[in-house]
file data_23.txt (compact mmCIF, N, CA and C atoms)
# COMPACT_ATOMS: atom_id res chain seq x y z
N MET A 1 -12.32 -51.05 -25.02
CA MET A 1 -13.06 -49.87 -25.42
C MET A 1 -12.09 -48.70 -25.47
N VAL A 2 -11.96 -48.07 -26.60
CA VAL A 2 -11.02 -46.97 -26.78
C VAL A 2 -11.83 -45.71 -27.06
N LYS A 3 -11.53 -44.66 -26.26
CA LYS A 3 -12.23 -43.39 -26.46
C LYS A 3 -11.28 -42.43 -27.13
N LYS A 4 -11.84 -41.68 -28.04
CA LYS A 4 -11.04 -40.69 -28.75
C LYS A 4 -11.17 -39.36 -28.02
N ALA A 5 -10.09 -38.61 -27.96
CA ALA A 5 -10.10 -37.32 -27.27
C ALA A 5 -11.10 -36.39 -27.92
N LYS A 6 -11.81 -35.66 -27.11
CA LYS A 6 -12.84 -34.75 -27.57
C LYS A 6 -12.22 -33.60 -28.35
N GLY A 7 -12.66 -33.39 -29.56
CA GLY A 7 -12.21 -32.26 -30.36
C GLY A 7 -10.85 -32.46 -31.00
N SER A 8 -10.22 -33.60 -30.84
CA SER A 8 -8.90 -33.77 -31.46
C SER A 8 -9.09 -34.21 -32.89
N HIS A 9 -8.21 -33.76 -33.75
CA HIS A 9 -8.30 -34.05 -35.16
C HIS A 9 -7.34 -35.16 -35.57
N SER A 10 -6.57 -35.65 -34.64
CA SER A 10 -5.59 -36.69 -35.00
C SER A 10 -6.26 -38.05 -34.99
N THR A 11 -5.67 -38.96 -35.71
CA THR A 11 -6.24 -40.30 -35.81
C THR A 11 -5.69 -41.22 -34.73
N SER A 12 -4.62 -40.81 -34.03
CA SER A 12 -4.05 -41.67 -33.01
C SER A 12 -4.90 -41.62 -31.75
N SER A 13 -4.90 -42.69 -31.03
CA SER A 13 -5.69 -42.79 -29.82
C SER A 13 -4.98 -42.06 -28.69
N ALA A 14 -5.70 -41.19 -28.01
CA ALA A 14 -5.12 -40.42 -26.93
C ALA A 14 -5.54 -40.98 -25.58
N SER A 15 -6.13 -42.17 -25.56
CA SER A 15 -6.58 -42.72 -24.30
C SER A 15 -6.27 -44.21 -24.25
N ALA A 16 -6.37 -44.76 -23.09
CA ALA A 16 -6.12 -46.19 -22.92
C ALA A 16 -7.43 -46.89 -22.58
N SER A 17 -7.35 -48.14 -22.40
CA SER A 17 -8.54 -48.93 -22.12
C SER A 17 -9.07 -48.60 -20.74
N ALA A 18 -10.38 -48.37 -20.66
CA ALA A 18 -11.01 -48.05 -19.38
C ALA A 18 -11.15 -49.31 -18.54
N ALA A 19 -11.25 -50.46 -19.17
CA ALA A 19 -11.41 -51.71 -18.45
C ALA A 19 -10.15 -52.09 -17.69
N SER A 20 -8.98 -51.68 -18.20
CA SER A 20 -7.74 -52.04 -17.52
C SER A 20 -7.43 -51.10 -16.35
N GLY A 21 -8.24 -50.07 -16.14
CA GLY A 21 -8.06 -49.18 -15.00
C GLY A 21 -7.02 -48.11 -15.22
N LYS A 22 -6.62 -47.87 -16.44
CA LYS A 22 -5.63 -46.84 -16.72
C LYS A 22 -6.32 -45.49 -16.89
N LEU A 23 -5.55 -44.46 -16.70
CA LEU A 23 -6.08 -43.11 -16.83
C LEU A 23 -6.35 -42.77 -18.28
N VAL A 24 -7.34 -41.92 -18.49
CA VAL A 24 -7.69 -41.48 -19.83
C VAL A 24 -7.14 -40.08 -20.02
N LEU A 25 -6.38 -39.91 -21.08
CA LEU A 25 -5.78 -38.62 -21.38
C LEU A 25 -6.60 -37.94 -22.46
N ARG A 26 -7.10 -36.77 -22.14
CA ARG A 26 -7.90 -36.04 -23.12
C ARG A 26 -7.15 -34.77 -23.50
N ILE A 27 -7.03 -34.53 -24.76
CA ILE A 27 -6.29 -33.38 -25.26
C ILE A 27 -7.27 -32.37 -25.80
N LYS A 28 -7.15 -31.14 -25.33
CA LYS A 28 -7.99 -30.07 -25.84
C LYS A 28 -7.37 -29.54 -27.11
N SER A 29 -8.18 -29.27 -28.07
CA SER A 29 -7.65 -28.66 -29.29
C SER A 29 -7.49 -27.16 -29.07
N ASN A 30 -6.75 -26.52 -29.94
CA ASN A 30 -6.57 -25.07 -29.86
C ASN A 30 -7.91 -24.35 -29.98
N GLU A 31 -8.81 -24.95 -30.70
CA GLU A 31 -10.11 -24.34 -30.91
C GLU A 31 -10.85 -24.19 -29.59
N GLY A 32 -10.80 -25.21 -28.77
CA GLY A 32 -11.47 -25.18 -27.47
C GLY A 32 -10.83 -24.17 -26.54
N ILE A 33 -9.53 -24.04 -26.59
CA ILE A 33 -8.83 -23.08 -25.74
C ILE A 33 -9.19 -21.66 -26.16
N LYS A 34 -9.20 -21.41 -27.46
CA LYS A 34 -9.54 -20.07 -27.95
C LYS A 34 -10.97 -19.71 -27.55
N ARG A 35 -11.87 -20.69 -27.62
CA ARG A 35 -13.26 -20.44 -27.28
C ARG A 35 -13.38 -20.08 -25.79
N SER A 36 -12.65 -20.80 -24.93
CA SER A 36 -12.75 -20.52 -23.50
C SER A 36 -12.15 -19.16 -23.18
N VAL A 37 -11.12 -18.74 -23.89
CA VAL A 37 -10.54 -17.42 -23.68
C VAL A 37 -11.53 -16.35 -24.11
N ARG A 38 -12.19 -16.57 -25.22
CA ARG A 38 -13.19 -15.61 -25.69
C ARG A 38 -14.32 -15.47 -24.68
N GLN A 39 -14.75 -16.59 -24.10
CA GLN A 39 -15.84 -16.54 -23.14
C GLN A 39 -15.43 -15.78 -21.88
N THR A 40 -14.22 -15.99 -21.40
CA THR A 40 -13.79 -15.28 -20.20
C THR A 40 -13.61 -13.79 -20.48
N ASN A 41 -13.14 -13.45 -21.68
CA ASN A 41 -12.98 -12.04 -22.03
C ASN A 41 -14.32 -11.35 -22.15
N SER A 42 -15.34 -12.07 -22.62
CA SER A 42 -16.65 -11.45 -22.79
C SER A 42 -17.32 -11.21 -21.44
N ARG A 43 -16.93 -11.95 -20.41
CA ARG A 43 -17.52 -11.78 -19.08
C ARG A 43 -16.94 -10.58 -18.34
N LYS A 44 -15.77 -10.16 -18.76
CA LYS A 44 -15.13 -9.04 -18.07
C LYS A 44 -15.89 -7.75 -18.33
N LYS A 45 -16.02 -6.95 -17.29
CA LYS A 45 -16.69 -5.67 -17.45
C LYS A 45 -15.69 -4.66 -17.99
N PRO A 46 -16.12 -3.80 -18.86
CA PRO A 46 -15.19 -2.79 -19.37
C PRO A 46 -14.80 -1.84 -18.24
N LYS A 47 -13.51 -1.53 -18.20
CA LYS A 47 -13.02 -0.64 -17.16
C LYS A 47 -13.30 0.81 -17.54
N ALA A 48 -13.75 1.54 -16.54
CA ALA A 48 -13.99 2.96 -16.76
C ALA A 48 -12.65 3.66 -16.87
N LYS A 49 -12.60 4.65 -17.72
CA LYS A 49 -11.35 5.39 -17.88
C LYS A 49 -11.11 6.22 -16.62
N LEU A 50 -9.92 6.06 -16.07
CA LEU A 50 -9.58 6.78 -14.86
C LEU A 50 -9.00 8.14 -15.23
N LYS A 51 -9.54 9.15 -14.60
CA LYS A 51 -9.02 10.49 -14.82
C LYS A 51 -7.96 10.74 -13.77
N LYS A 52 -6.80 11.11 -14.21
CA LYS A 52 -5.72 11.39 -13.27
C LYS A 52 -5.70 12.88 -12.98
N ASN A 53 -5.99 13.17 -11.74
CA ASN A 53 -5.90 14.58 -11.32
C ASN A 53 -4.47 14.83 -10.91
N LYS A 54 -3.79 15.57 -11.72
CA LYS A 54 -2.40 15.84 -11.43
C LYS A 54 -2.35 17.06 -10.52
N GLN A 55 -2.05 16.78 -9.25
CA GLN A 55 -1.97 17.87 -8.29
C GLN A 55 -0.54 18.37 -8.23
N LYS A 56 -0.42 19.66 -8.17
CA LYS A 56 0.92 20.23 -8.06
C LYS A 56 1.43 20.03 -6.64
N PHE A 57 2.69 19.73 -6.52
CA PHE A 57 3.32 19.56 -5.23
C PHE A 57 3.60 20.94 -4.66
N ASP A 58 3.08 21.18 -3.48
CA ASP A 58 3.28 22.47 -2.84
C ASP A 58 4.29 22.32 -1.72
N ALA A 59 5.49 22.84 -1.93
CA ALA A 59 6.55 22.71 -0.95
C ALA A 59 6.30 23.55 0.29
N MET A 60 5.45 24.54 0.19
CA MET A 60 5.19 25.43 1.32
C MET A 60 4.12 24.87 2.26
N LYS A 61 3.37 23.89 1.81
CA LYS A 61 2.28 23.33 2.61
C LYS A 61 2.86 22.50 3.76
N PRO A 62 2.34 22.67 4.99
CA PRO A 62 2.87 21.90 6.12
C PRO A 62 2.56 20.41 5.99
N LYS A 63 3.49 19.59 6.48
CA LYS A 63 3.30 18.14 6.43
C LYS A 63 2.54 17.67 7.67
N LYS A 64 1.75 16.61 7.49
CA LYS A 64 1.03 16.04 8.62
C LYS A 64 2.03 15.39 9.57
N PRO A 65 1.78 15.54 10.87
CA PRO A 65 2.70 14.93 11.85
C PRO A 65 2.44 13.43 11.97
N PRO A 66 3.43 12.69 12.45
CA PRO A 66 3.24 11.25 12.66
C PRO A 66 2.29 10.97 13.82
N THR A 67 1.77 9.77 13.86
CA THR A 67 0.88 9.37 14.95
C THR A 67 1.70 8.95 16.16
N ALA A 68 1.00 8.67 17.25
CA ALA A 68 1.66 8.27 18.50
C ALA A 68 2.48 7.00 18.29
N PHE A 69 1.98 6.11 17.46
CA PHE A 69 2.69 4.85 17.22
C PHE A 69 4.07 5.10 16.62
N PHE A 70 4.18 6.07 15.74
CA PHE A 70 5.47 6.34 15.10
C PHE A 70 6.47 6.94 16.08
N TYR A 71 5.99 7.73 17.04
CA TYR A 71 6.89 8.23 18.08
C TYR A 71 7.38 7.07 18.95
N PHE A 72 6.47 6.14 19.24
CA PHE A 72 6.85 4.94 19.98
C PHE A 72 7.85 4.11 19.18
N LEU A 73 7.62 4.00 17.89
CA LEU A 73 8.49 3.22 17.02
C LEU A 73 9.92 3.75 17.04
N GLU A 74 10.06 5.06 17.06
CA GLU A 74 11.39 5.68 17.13
C GLU A 74 12.16 5.20 18.36
N ASP A 75 11.50 5.30 19.52
CA ASP A 75 12.14 4.88 20.77
C ASP A 75 12.38 3.38 20.80
N PHE A 76 11.38 2.63 20.38
CA PHE A 76 11.48 1.17 20.44
C PHE A 76 12.59 0.65 19.54
N ARG A 77 12.73 1.24 18.36
CA ARG A 77 13.75 0.79 17.41
C ARG A 77 15.15 0.89 18.01
N LYS A 78 15.42 2.00 18.70
CA LYS A 78 16.73 2.18 19.33
C LYS A 78 16.99 1.11 20.39
N GLU A 79 16.00 0.90 21.27
CA GLU A 79 16.15 -0.11 22.32
C GLU A 79 16.29 -1.52 21.73
N PHE A 80 15.47 -1.81 20.74
CA PHE A 80 15.47 -3.16 20.15
C PHE A 80 16.81 -3.47 19.48
N GLN A 81 17.37 -2.48 18.79
CA GLN A 81 18.65 -2.71 18.11
C GLN A 81 19.80 -2.85 19.09
N GLU A 82 19.71 -2.19 20.25
CA GLU A 82 20.74 -2.36 21.27
C GLU A 82 20.68 -3.78 21.86
N LYS A 83 19.46 -4.28 22.10
CA LYS A 83 19.29 -5.61 22.68
C LYS A 83 19.54 -6.72 21.66
N ASN A 84 19.22 -6.47 20.40
CA ASN A 84 19.34 -7.47 19.33
C ASN A 84 20.15 -6.91 18.17
N PRO A 85 21.46 -6.82 18.30
CA PRO A 85 22.27 -6.23 17.22
C PRO A 85 22.33 -7.11 15.96
N ASP A 86 21.98 -8.39 16.08
CA ASP A 86 22.05 -9.29 14.92
C ASP A 86 20.83 -9.15 14.02
N VAL A 87 19.74 -8.58 14.52
CA VAL A 87 18.52 -8.42 13.72
C VAL A 87 18.63 -7.12 12.92
N LYS A 88 18.68 -7.25 11.60
CA LYS A 88 18.82 -6.07 10.72
C LYS A 88 17.55 -5.79 9.93
N SER A 89 16.66 -6.75 9.85
CA SER A 89 15.47 -6.63 9.01
C SER A 89 14.45 -5.68 9.63
N MET A 90 14.02 -4.70 8.85
CA MET A 90 13.00 -3.77 9.32
C MET A 90 11.67 -4.50 9.54
N ARG A 91 11.46 -5.57 8.80
CA ARG A 91 10.24 -6.36 8.94
C ARG A 91 10.17 -6.96 10.34
N ASP A 92 11.27 -7.54 10.79
CA ASP A 92 11.31 -8.15 12.11
C ASP A 92 11.18 -7.11 13.21
N ILE A 93 11.83 -5.98 13.03
CA ILE A 93 11.75 -4.90 14.02
C ILE A 93 10.31 -4.38 14.08
N GLY A 94 9.69 -4.20 12.92
CA GLY A 94 8.31 -3.72 12.87
C GLY A 94 7.34 -4.68 13.52
N LYS A 95 7.54 -5.98 13.29
CA LYS A 95 6.67 -6.98 13.91
C LYS A 95 6.79 -6.93 15.43
N ALA A 96 8.03 -6.88 15.92
CA ALA A 96 8.26 -6.84 17.36
C ALA A 96 7.65 -5.58 17.97
N CYS A 97 7.78 -4.47 17.26
CA CYS A 97 7.23 -3.21 17.73
C CYS A 97 5.71 -3.26 17.79
N GLY A 98 5.09 -3.81 16.76
CA GLY A 98 3.63 -3.93 16.73
C GLY A 98 3.11 -4.80 17.86
N GLU A 99 3.79 -5.90 18.13
CA GLU A 99 3.38 -6.78 19.22
C GLU A 99 3.50 -6.07 20.56
N LYS A 100 4.58 -5.33 20.75
CA LYS A 100 4.80 -4.60 22.00
C LYS A 100 3.72 -3.53 22.17
N TRP A 101 3.40 -2.80 21.10
CA TRP A 101 2.39 -1.73 21.15
C TRP A 101 1.03 -2.29 21.53
N LYS A 102 0.69 -3.46 21.00
CA LYS A 102 -0.60 -4.08 21.30
C LYS A 102 -0.70 -4.49 22.77
N THR A 103 0.42 -4.90 23.35
CA THR A 103 0.38 -5.38 24.74
C THR A 103 0.53 -4.25 25.76
N MET A 104 0.90 -3.07 25.31
CA MET A 104 1.08 -1.94 26.24
C MET A 104 -0.27 -1.46 26.76
N THR A 105 -0.28 -0.97 27.98
CA THR A 105 -1.50 -0.39 28.56
C THR A 105 -1.60 1.07 28.11
N TYR A 106 -2.76 1.65 28.34
CA TYR A 106 -2.98 3.04 27.93
C TYR A 106 -2.04 3.98 28.69
N GLU A 107 -1.78 3.67 29.95
CA GLU A 107 -0.90 4.51 30.76
C GLU A 107 0.51 4.56 30.18
N GLU A 108 0.96 3.45 29.61
CA GLU A 108 2.28 3.41 28.99
C GLU A 108 2.31 4.18 27.66
N LYS A 109 1.18 4.21 26.99
CA LYS A 109 1.09 4.87 25.68
C LYS A 109 0.86 6.38 25.81
N VAL A 110 0.42 6.85 26.97
CA VAL A 110 0.03 8.25 27.14
C VAL A 110 1.14 9.23 26.73
N GLN A 111 2.37 8.94 27.08
CA GLN A 111 3.46 9.86 26.74
C GLN A 111 3.57 10.07 25.23
N TYR A 112 3.33 9.01 24.45
CA TYR A 112 3.41 9.12 23.00
C TYR A 112 2.19 9.85 22.44
N TYR A 113 1.02 9.62 23.05
CA TYR A 113 -0.17 10.34 22.63
C TYR A 113 -0.03 11.83 22.91
N ASP A 114 0.60 12.18 24.03
CA ASP A 114 0.82 13.60 24.36
C ASP A 114 1.70 14.29 23.32
N VAL A 115 2.78 13.62 22.94
CA VAL A 115 3.69 14.19 21.93
C VAL A 115 2.94 14.35 20.60
N ALA A 116 2.17 13.33 20.23
CA ALA A 116 1.43 13.38 18.97
C ALA A 116 0.39 14.49 18.99
N THR A 117 -0.25 14.71 20.14
CA THR A 117 -1.26 15.76 20.26
C THR A 117 -0.62 17.14 20.12
N GLU A 118 0.55 17.33 20.74
CA GLU A 118 1.26 18.61 20.61
C GLU A 118 1.63 18.88 19.16
N LYS A 119 2.17 17.87 18.50
CA LYS A 119 2.58 18.03 17.10
C LYS A 119 1.37 18.30 16.22
N ARG A 120 0.25 17.67 16.53
CA ARG A 120 -0.96 17.87 15.74
C ARG A 120 -1.46 19.31 15.90
N ALA A 121 -1.38 19.84 17.12
CA ALA A 121 -1.79 21.22 17.36
C ALA A 121 -0.90 22.19 16.57
N GLU A 122 0.41 21.94 16.57
CA GLU A 122 1.33 22.77 15.78
C GLU A 122 0.98 22.70 14.29
N PHE A 123 0.66 21.50 13.83
CA PHE A 123 0.30 21.32 12.43
C PHE A 123 -0.97 22.09 12.10
N ASP A 124 -1.96 22.04 12.99
CA ASP A 124 -3.21 22.75 12.75
C ASP A 124 -2.98 24.26 12.66
N ARG A 125 -2.11 24.78 13.56
CA ARG A 125 -1.79 26.21 13.51
C ARG A 125 -1.07 26.57 12.20
N ALA A 126 -0.12 25.74 11.82
CA ALA A 126 0.63 26.00 10.59
C ALA A 126 -0.29 25.92 9.36
N THR A 127 -1.22 25.00 9.39
CA THR A 127 -2.16 24.86 8.27
C THR A 127 -3.07 26.09 8.19
N ALA A 128 -3.52 26.57 9.34
CA ALA A 128 -4.38 27.76 9.35
C ALA A 128 -3.62 28.97 8.78
N GLU A 129 -2.36 29.13 9.19
CA GLU A 129 -1.55 30.23 8.65
C GLU A 129 -1.35 30.07 7.15
N TYR A 130 -1.09 28.87 6.72
CA TYR A 130 -0.88 28.59 5.30
C TYR A 130 -2.13 28.95 4.50
N ASN A 131 -3.29 28.53 5.00
CA ASN A 131 -4.55 28.82 4.30
C ASN A 131 -4.82 30.32 4.22
N LYS A 132 -4.49 31.05 5.29
CA LYS A 132 -4.66 32.51 5.27
C LYS A 132 -3.78 33.14 4.20
N LYS A 133 -2.52 32.66 4.11
CA LYS A 133 -1.60 33.20 3.12
C LYS A 133 -2.07 32.87 1.70
N ILE A 134 -2.63 31.68 1.52
CA ILE A 134 -3.15 31.30 0.20
C ILE A 134 -4.31 32.22 -0.18
N GLU A 135 -5.22 32.45 0.77
CA GLU A 135 -6.38 33.30 0.49
C GLU A 135 -5.96 34.74 0.20
N SER A 136 -4.94 35.22 0.90
CA SER A 136 -4.50 36.59 0.69
C SER A 136 -3.69 36.73 -0.60
N GLY A 137 -3.22 35.61 -1.15
CA GLY A 137 -2.51 35.64 -2.42
C GLY A 137 -1.02 35.78 -2.29
N GLU A 138 -0.46 35.51 -1.13
CA GLU A 138 0.98 35.63 -0.94
C GLU A 138 1.77 34.61 -1.75
N PHE A 139 1.22 33.43 -1.92
CA PHE A 139 1.95 32.35 -2.59
C PHE A 139 1.70 32.30 -4.10
N ASP A 140 0.82 33.16 -4.62
CA ASP A 140 0.49 33.10 -6.05
C ASP A 140 1.70 33.35 -6.94
N GLU A 141 2.54 34.31 -6.59
CA GLU A 141 3.69 34.62 -7.43
C GLU A 141 4.74 33.51 -7.37
N THR A 142 4.87 32.89 -6.21
CA THR A 142 5.92 31.87 -6.04
C THR A 142 5.56 30.56 -6.72
N ASP A 143 4.26 30.30 -7.00
CA ASP A 143 3.85 29.06 -7.66
C ASP A 143 4.47 28.93 -9.04
N GLU A 144 4.52 30.03 -9.78
CA GLU A 144 5.06 29.97 -11.14
C GLU A 144 6.56 29.79 -11.15
N GLU A 145 7.24 30.23 -10.11
CA GLU A 145 8.69 30.16 -10.04
C GLU A 145 9.16 28.95 -9.24
N SER A 146 8.32 27.98 -9.06
CA SER A 146 8.65 26.81 -8.24
C SER A 146 9.75 25.98 -8.89
N GLU A 147 10.60 25.38 -8.05
CA GLU A 147 11.68 24.52 -8.53
C GLU A 147 11.14 23.22 -9.11
N PHE A 148 9.98 22.77 -8.62
CA PHE A 148 9.45 21.47 -8.99
C PHE A 148 8.75 21.45 -10.34
N ASP A 149 8.49 22.62 -10.93
CA ASP A 149 7.81 22.68 -12.23
C ASP A 149 8.73 22.30 -13.36
N GLU A 150 10.03 22.36 -13.18
CA GLU A 150 10.97 22.13 -14.27
C GLU A 150 10.99 20.72 -14.74

call {"tool": "encode", "arguments": {"input": "data_23.txt", "output": "structure tokens"}}
result
Amino acid sequence: MVKKAKGSHSTSSASASAASGKLVLRIKSNEGIKRSVRQTNSRKKPKAKLKKNKQKFDAMKPKKPPTAFFYFLEDFRKEFQEKNPDVKSMRDIGKACGEKWKTMTYEEKVQYYDVATEKRAEFDRATAEYNKKIESGEFDETDEESEFDE
């Protein structure tokens, strides 16, 4: 018993005898492939057009301070590189740091939280001053003369 491949236009047999236990090879025609591509394209939802809000970079605006983890990372990186000078990959250092941070108790982390809290308070004060200057119009003239607009 010889089966002909579905949708093939050739006269040669693309399959072997099923009684002999051999595999049957079926060849898809280009027509079938095109149809399946059309069906998958029709299922896709049209993407909404994304509006890009181009925000101007303000060099005068204060930067957010790092979290407690980043202060810990600074200290840990120095110690880790002294103990393991052969490890150069930031990925490996980051993994080791993350594991150490997870196993630390709150009492060990407190010093880093204190530093982060102080920096956050400074940031809040600087942001408040910045906002006052913006409202008063001090930065209006400097926006047009910014180096970053060029």

call {"tool": "atom_distance", "arguments": {"input": "data_23.txt", "atom1": "atom C of Phe123 of chain A", "atom2": "atom CA of Pro62 of chain A"}}
result
7.1 Å

call {"tool": "atom_distance", "arguments": {"input": "data_23.txt", "atom1": "atom CA of Gln55 of chain A", "atom2": "atom CA of Glu129 of chain A"}}
result
21.0 Å

call {"tool": "atom_distance", "arguments": {"input": "data_23.txt", "atom1": "atom C of Lys56 of chain A", "atom2": "atom C of Arg120 of chain A"}}
result
22.7 Å

call {"tool": "closest_residue", "arguments": {"input": "data_23.txt", "among": "A:Thr127, A:Tyr113, A:Ile93, A:Asp86", "to": "Phe69 of chain A", "atoms": "all atoms listed in the file"}}
result
A:Tyr113

call {"tool": "closest_residue", "arguments": {"input": "data_23.txt", "among": "A:Lys61, A:Lys132, A:Lys95, A:Lys119", "to": "Leu73 of chain A", "atoms": "only C-alpha atoms"}}
result
A:Lys95
